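S.K.: data.txt is reproduced in full below (compact mmCIF, C-alpha atoms).
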```txt
# COMPACT_ATOMS: atom_id res chain seq x y z
CA MET Y 1 -74.47 -27.65 -18.18
CA LYS Y 2 -74.50 -29.34 -14.82
CA LYS Y 3 -71.61 -31.60 -15.84
CA PHE Y 4 -69.65 -28.57 -17.07
CA LEU Y 5 -70.09 -26.76 -13.74
CA ILE Y 6 -69.00 -29.87 -11.85
CA ALA Y 7 -65.88 -30.13 -14.04
CA VAL Y 8 -65.02 -26.44 -13.48
CA ALA Y 9 -65.48 -26.86 -9.72
CA ALA Y 10 -63.23 -29.92 -9.72
CA VAL Y 11 -60.47 -28.03 -11.56
CA PHE Y 12 -60.81 -25.12 -9.14
CA VAL Y 13 -60.52 -27.39 -6.09
CA ALA Y 14 -57.51 -29.21 -7.54
CA THR Y 15 -55.77 -25.91 -8.30
CA SER Y 16 -56.44 -24.61 -4.78
CA VAL Y 17 -55.04 -27.79 -3.20
CA ASN Y 18 -51.90 -27.62 -5.32
CA ALA Y 19 -51.41 -23.94 -4.42
CA GLN Y 20 -51.70 -24.78 -0.74
CA LYS Y 21 -49.11 -27.53 -1.10
CA GLU Y 22 -46.66 -25.33 -3.03
CA SER Y 23 -43.43 -24.92 -1.08
CA TYR Y 24 -41.53 -21.66 -0.88
CA MET Y 25 -38.52 -23.37 0.69
CA PRO Y 26 -35.03 -23.20 -0.91
CA GLU Y 27 -33.75 -26.27 -2.71
CA GLN Y 28 -30.41 -27.88 -3.48
CA GLY Y 29 -28.25 -25.62 -5.63
CA ASP Y 30 -30.00 -22.39 -4.63
CA PHE Y 31 -28.09 -19.24 -3.63
CA GLY Y 32 -29.29 -16.69 -1.10
CA VAL Y 33 -28.24 -13.09 -0.39
CA GLU Y 34 -29.37 -11.06 2.63
CA ILE Y 35 -28.75 -7.84 4.53
CA GLY Y 36 -30.05 -6.31 7.75
CA PHE Y 37 -33.18 -4.20 7.38
CA ASN Y 38 -34.67 -1.84 9.97
CA PRO Y 39 -37.79 -0.05 8.66
CA PHE Y 40 -38.18 1.82 11.97
CA SER Y 41 -34.72 3.44 11.97
CA ASN Y 42 -34.66 7.18 12.65
CA ASN Y 43 -30.96 7.71 11.90
CA TYR Y 44 -30.94 6.81 8.20
CA ASN Y 45 -29.62 3.30 8.86
CA THR Y 46 -32.57 1.52 7.27
CA PHE Y 47 -30.22 -0.99 5.63
CA ASP Y 48 -27.51 -2.41 7.87
CA LEU Y 49 -24.23 -2.85 5.98
CA ILE Y 50 -21.93 -2.57 9.01
CA ASN Y 51 -22.73 -6.14 10.04
CA GLY Y 52 -22.25 -7.27 6.49
CA VAL Y 53 -23.79 -9.03 3.57
CA LYS Y 54 -24.54 -12.72 3.99
CA VAL Y 55 -24.45 -15.27 1.16
CA ARG Y 56 -25.83 -18.82 1.32
CA TYR Y 57 -25.38 -21.84 -0.91
CA PHE Y 58 -27.63 -24.87 -0.38
CA LEU Y 59 -25.71 -28.14 -0.65
CA SER Y 60 -29.02 -29.96 -0.28
CA ASP Y 61 -32.60 -29.04 0.61
CA ALA Y 62 -31.58 -29.03 4.28
CA ASP Y 63 -27.86 -28.18 4.33
CA ALA Y 64 -26.30 -24.82 3.49
CA LEU Y 65 -22.95 -23.04 3.64
CA ARG Y 66 -22.93 -19.37 4.58
CA LEU Y 67 -20.39 -16.59 4.09
CA ASN Y 68 -20.71 -13.26 5.88
CA VAL Y 69 -18.58 -10.24 4.94
CA GLY Y 70 -18.82 -7.04 6.99
CA PHE Y 71 -16.92 -3.76 7.15
CA ASN Y 72 -17.02 -0.36 8.80
CA VAL Y 73 -14.94 2.79 8.25
CA ASP Y 74 -15.05 5.92 10.37
CA GLY Y 75 -12.94 9.09 10.29
CA ARG Y 76 -12.80 12.76 11.18
CA LYS Y 77 -10.80 15.81 10.09
CA ASN Y 78 -10.25 18.88 12.27
CA THR Y 79 -8.66 22.22 11.39
CA THR Y 80 -7.25 24.54 14.06
CA GLU Y 81 -6.06 28.11 13.45
CA VAL Y 82 -3.17 29.41 15.56
CA ALA Y 83 -1.50 32.76 14.84
CA SER Y 84 -3.14 32.93 11.38
CA LYS Y 85 -1.84 29.46 10.49
CA GLU Y 86 -4.04 26.43 9.94
CA TYR Y 87 -3.11 23.08 11.45
CA VAL Y 88 -4.92 19.96 10.26
CA SER Y 89 -5.48 16.77 12.25
CA HIS Y 90 -7.37 13.68 11.17
CA TRP Y 91 -7.92 10.10 12.27
CA ARG Y 92 -9.36 7.05 10.60
CA ARG Y 93 -10.36 3.66 11.94
CA GLY Y 94 -12.51 0.71 10.96
CA ASN Y 95 -12.84 -3.03 10.84
CA PHE Y 96 -13.31 -5.91 8.44
CA GLY Y 97 -14.86 -9.28 9.26
CA LEU Y 98 -15.22 -12.57 7.41
CA ASN Y 99 -17.21 -15.56 8.72
CA LEU Y 100 -17.79 -18.99 7.18
CA GLY Y 101 -20.47 -21.26 8.60
CA TYR Y 102 -22.77 -24.23 8.17
CA GLU Y 103 -26.57 -24.28 8.56
CA ARG Y 104 -28.97 -27.17 9.06
CA HIS Y 105 -32.54 -26.32 8.02
CA PHE Y 106 -35.76 -27.75 9.41
CA ASN Y 107 -38.69 -26.91 7.14
CA MET Y 108 -41.66 -26.50 9.46
CA THR Y 109 -44.25 -25.50 6.84
CA ASN Y 110 -44.14 -24.43 3.21
CA ARG Y 111 -43.29 -20.89 4.39
CA ILE Y 112 -41.52 -21.21 7.77
CA ASP Y 113 -37.95 -22.48 7.98
CA LEU Y 114 -36.04 -22.98 11.25
CA TYR Y 115 -32.28 -23.48 11.15
CA ALA Y 116 -29.26 -23.93 13.42
CA GLY Y 117 -25.54 -24.02 12.81
CA ALA Y 118 -22.00 -22.91 13.64
CA GLN Y 119 -19.43 -20.58 12.15
CA LEU Y 120 -15.75 -19.54 12.33
CA GLY Y 121 -14.25 -16.26 11.22
CA ILE Y 122 -11.61 -13.57 11.39
CA ILE Y 123 -11.86 -9.89 12.29
CA LYS Y 124 -9.34 -7.15 11.54
CA PHE Y 125 -9.34 -3.68 13.12
CA PHE Y 126 -7.23 -0.88 11.66
CA ALA Y 127 -6.42 2.66 12.77
CA SER Y 128 -4.25 5.62 11.72
CA ALA Y 129 -3.94 9.34 12.47
CA LYS Y 130 -1.98 12.49 11.66
CA GLU Y 131 -1.62 15.65 13.74
CA GLU Y 132 -0.20 19.08 12.91
CA ALA Y 133 0.83 21.52 15.64
CA PRO Y 134 3.16 24.53 16.07
CA ASP Y 135 6.77 23.47 16.60
CA GLY Y 136 7.60 26.55 18.68
CA VAL Y 137 9.86 28.19 16.10
CA GLY Y 138 7.30 29.18 13.50
CA GLY Y 139 7.12 25.84 11.75
CA ILE Y 140 4.84 22.79 11.80
CA MET Y 141 5.36 19.63 13.80
CA GLU Y 142 3.72 16.58 12.18
CA THR Y 143 2.91 13.47 14.20
CA THR Y 144 1.87 10.39 12.23
CA TYR Y 145 0.42 7.25 13.80
CA SER Y 146 0.48 3.90 11.96
CA GLY Y 147 -1.49 1.04 13.50
CA ALA Y 148 -3.11 3.38 16.02
CA ASP Y 149 -4.96 6.68 16.16
CA ASN Y 150 -4.83 9.64 18.52
CA GLN Y 151 -8.07 8.55 20.20
CA GLY Y 152 -6.66 5.52 21.98
CA ASN Y 153 -7.67 2.90 19.39
CA PHE Y 154 -5.26 0.30 18.05
CA ALA Y 155 -5.13 -2.04 15.09
CA SER Y 156 -5.67 -5.70 15.97
CA PHE Y 157 -6.38 -9.10 14.49
CA GLY Y 158 -8.59 -11.82 15.90
CA PHE Y 159 -10.67 -14.94 15.46
CA THR Y 160 -14.35 -15.57 16.13
CA ALA Y 161 -16.38 -18.74 16.71
CA GLY Y 162 -20.05 -19.20 17.43
CA VAL Y 163 -23.25 -21.20 17.27
CA PHE Y 164 -26.63 -19.82 16.25
CA THR Y 165 -30.27 -20.52 15.53
CA GLY Y 166 -32.77 -18.56 13.50
CA ILE Y 167 -36.02 -18.46 11.59
CA ASP Y 168 -36.86 -17.50 8.01
CA VAL Y 169 -40.42 -16.63 7.01
CA TYR Y 170 -40.94 -16.75 3.24
CA LEU Y 171 -43.25 -13.99 2.06
CA TRP Y 172 -43.08 -15.11 -1.56
CA LYS Y 173 -41.07 -17.54 -3.63
CA GLY Y 174 -37.47 -16.70 -2.76
CA LEU Y 175 -38.25 -13.59 -0.68
CA TYR Y 176 -37.99 -13.95 3.09
CA CYS Y 177 -37.41 -12.05 6.31
CA GLY Y 178 -36.09 -13.50 9.53
CA ALA Y 179 -34.26 -13.19 12.83
CA GLU Y 180 -31.23 -14.88 14.37
CA LEU Y 181 -29.90 -15.46 17.89
CA GLY Y 182 -26.49 -16.88 18.73
CA LEU Y 183 -23.55 -17.28 21.08
CA LYS Y 184 -20.22 -15.87 19.87
CA VAL Y 185 -16.66 -15.78 21.25
CA THR Y 186 -13.95 -13.43 19.92
CA SER Y 187 -10.22 -13.49 20.70
CA SER Y 188 -7.96 -10.71 19.40
CA SER Y 189 -4.41 -9.39 19.79
CA GLU Y 190 -3.23 -5.80 19.42
CA ASN Y 191 -0.78 -5.21 16.54
CA ASP Y 192 2.53 -3.38 16.87
CA TRP Y 193 2.20 0.32 16.06
CA GLU Y 194 4.46 3.25 15.24
CA ARG Y 195 4.57 6.99 15.92
CA GLU Y 196 6.64 9.29 13.71
CA VAL Y 197 7.31 12.95 14.63
CA LYS Y 198 8.70 15.44 12.11
CA ALA Y 199 9.83 18.87 13.31
CA GLY Y 200 11.94 20.84 10.84
CA THR Y 201 14.74 18.56 9.64
CA THR Y 202 14.41 16.21 12.61
CA THR Y 203 12.44 12.95 12.38
CA THR Y 204 11.85 10.71 15.37
CA LYS Y 205 10.27 7.26 15.10
CA THR Y 206 8.94 5.27 18.03
CA LYS Y 207 7.83 1.67 17.63
CA VAL Y 208 5.54 0.17 20.25
CA LYS Y 209 4.88 -3.53 20.61
CA GLY Y 210 1.23 -4.46 20.90
CA ALA Y 211 0.55 -5.76 24.38
CA ASN Y 212 -3.21 -6.08 24.79
CA ARG Y 213 -4.99 -9.41 24.38
CA ASP Y 214 -8.76 -9.48 24.50
CA MET Y 215 -11.36 -12.23 24.69
CA ASP Y 216 -15.07 -11.48 24.57
CA GLY Y 217 -18.08 -13.74 24.52
CA GLY Y 218 -21.82 -13.62 24.85
CA PHE Y 219 -25.18 -13.90 23.19
CA TYR Y 220 -26.02 -11.78 20.20
CA CYS Y 221 -29.15 -10.98 18.27
CA GLU Y 222 -29.22 -9.58 14.75
CA PRO Y 223 -29.68 -5.80 15.17
CA ALA Y 224 -32.21 -5.61 12.37
CA ILE Y 225 -34.66 -7.78 10.46
CA ARG Y 226 -32.84 -10.09 8.05
CA LEU Y 227 -34.17 -9.46 4.58
CA GLY Y 228 -33.08 -11.94 1.92
CA TRP Y 229 -33.67 -13.36 -1.52
CA THR Y 230 -33.04 -16.96 -2.55
CA PHE Y 231 -32.61 -17.82 -6.23
```
Write the structure described by the file as structure tokens, please.
M.R.:
Amino acid sequence: MKKFLIAVAAVFVATSVNAQKESYMPEQGDFGVEIGFNPFSNNYNTFDLINGVKVRYFLSDADALRLNVGFNVDGRKNTTEVASKEYVSHWRRGNFGLNLGYERHFNMTNRIDLYAGAQLGIIKFFASAKEEAPDGVGGIMETTYSGADNQGNFASFGFTAGVFTGIDVYLWKGLYCGAELGLKVTSSSENDWEREVKAGTTTTKTKVKGANRDMDGGFYCEPAIRLGWTF
């Protein structure tokens, strides 16, 4: 009986040691998918899709490629009544971003993973609008904007570049949460845009050449907890 208890204890100790040594870290060939997660949000933005969905592929246990795709669309429609006639105006704008990067991982423990890397990307802003108003003779004057809206926003195209560092804490095999801090630079150019006015049988088009050039840079921090799954 004594020998049996000793054998059981030995198996238990060996199993405990192996469990402690088990690594939750991703390995070569693994994929990862993550989104932003804010459990304390009070405006129904618990999951952050504006900043995109991020996909990883591990070339080795320590090297990974990452692809981030983000988008945002916003719009509004207004109806105005003048002399028992309804006039409709609406605008729409948004953006689309695509970033490709490289990560180097430094496994600190079997659950904590630090990483650093760099990325390059593109960002596209778009805008459009349409306004209806009285033409002064009982008809409707329609003004259509292409490449701009009636709120002072313009379509543009640009490039981004940045470096970053972050931490992943693995809660279970494959499941992790983390945070990221980086330095990013964006350069963009305003696109040409057009305004078309229709009043009765008359149509007037005005083309405007994009003139604004912008360059922004600075530190960023992920606006929410990064919640991901590696498989």
S.K.: Tell me, as a PDB file with C-alpha atoms, in the coordinates of the input, which residues lie within 7 Å of Arg92 in chain Y, counting all atoms listed in the file; anything in the same chain fewer than 4 positions away does not count.
M.R.:
```pdb
ATOM      1  CA  ASP Y  74     -15.050   5.920  10.370  1.00  0.00           C
ATOM      2  CA  GLY Y  75     -12.940   9.090  10.290  1.00  0.00           C
ATOM      3  CA  ARG Y  76     -12.800  12.760  11.180  1.00  0.00           C
ATOM      4  CA  ALA Y 127      -6.420   2.660  12.770  1.00  0.00           C
ATOM      5  CA  SER Y 128      -4.250   5.620  11.720  1.00  0.00           C
ATOM      6  CA  ALA Y 129      -3.940   9.340  12.470  1.00  0.00           C
TER       7      ALA Y 129
END
```
S.K.: Within 12 Å of (-5.8, 25.2, 11.0), only C-alpha atoms: residues as a list in words?
M.R.: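 Residues with an atom at most 12 Å from (-5.8, 25.2, 11.0): Lys77, Asn78, Thr79, Thr80, Glu81, Val82, Ala83, Ser84, Lys85, Glu86, Tyr87, Val88, Ser89, His90, Glu131, Glu132, Ala133, Pro134 and Ile140 of chain Y.
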S.K.: Might you pull out every residue within 7 Å of range 100-105 of chain Y, with all atoms listed in the file counted and same-chain residues fewer than 3 positions away left off, and present them as a list in words?
M.R.: Ala62, Asp63, Ala64, Leu65, Arg66, Leu67, Asn68, Asp113, Leu114, Tyr115, Ala116, Gly117, Ala118, Gln119, Leu120 and Gly121 of chain Y
S.K.: Using CA of Glu180 in chain Y and CA of Glu34 in chain Y as the two end points, give the distance in Å to one decimal.
M.R.: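 Result for CA of Glu180 in chain Y versus CA of Glu34 in chain Y: 12.5 Å, one decimal.
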S.K.: Find the spatial neighbours of range 147-159 of chain Y, counting all atoms listed in the file, within a cut-off of 7 Å - ignore same-chain residues fewer than 4 positions away - and output them as an mmCIF file with C-alpha atoms, in the coordinates of the input.
M.R.:
```
data_model
loop_
_atom_site.group_PDB
_atom_site.id
_atom_site.type_symbol
_atom_site.label_atom_id
_atom_site.label_comp_id
_atom_site.auth_asym_id
_atom_site.auth_seq_id
_atom_site.Cartn_x
_atom_site.Cartn_y
_atom_site.Cartn_z
ATOM 1 C CA TRP Y 91 -7.920 10.100 12.270
ATOM 2 C CA GLY Y 121 -14.250 -16.260 11.220
ATOM 3 C CA ILE Y 122 -11.610 -13.570 11.390
ATOM 4 C CA ILE Y 123 -11.860 -9.890 12.290
ATOM 5 C CA LYS Y 124 -9.340 -7.150 11.540
ATOM 6 C CA PHE Y 125 -9.340 -3.680 13.120
ATOM 7 C CA PHE Y 126 -7.230 -0.880 11.660
ATOM 8 C CA ALA Y 127 -6.420 2.660 12.770
ATOM 9 C CA SER Y 128 -4.250 5.620 11.720
ATOM 10 C CA ALA Y 129 -3.940 9.340 12.470
ATOM 11 C CA THR Y 186 -13.950 -13.430 19.920
ATOM 12 C CA SER Y 187 -10.220 -13.490 20.700
ATOM 13 C CA SER Y 188 -7.960 -10.710 19.400
ATOM 14 C CA SER Y 189 -4.410 -9.390 19.790
ATOM 15 C CA GLU Y 190 -3.230 -5.800 19.420
ATOM 16 C CA ASN Y 191 -0.780 -5.210 16.540
ATOM 17 C CA ASP Y 192 2.530 -3.380 16.870
ATOM 18 C CA TRP Y 193 2.200 0.320 16.060
ATOM 19 C CA GLU Y 194 4.460 3.250 15.240
#
```
S.K.: Taking into account only C-alpha atoms, which residue in the set Y:Pro26, Y:Gly32, Y:Gly94, Y:Gly52 is nearest to Phe106 in chain Y?
M.R.: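 Smallest separation from Phe106 in chain Y among the options: Y:Pro26.
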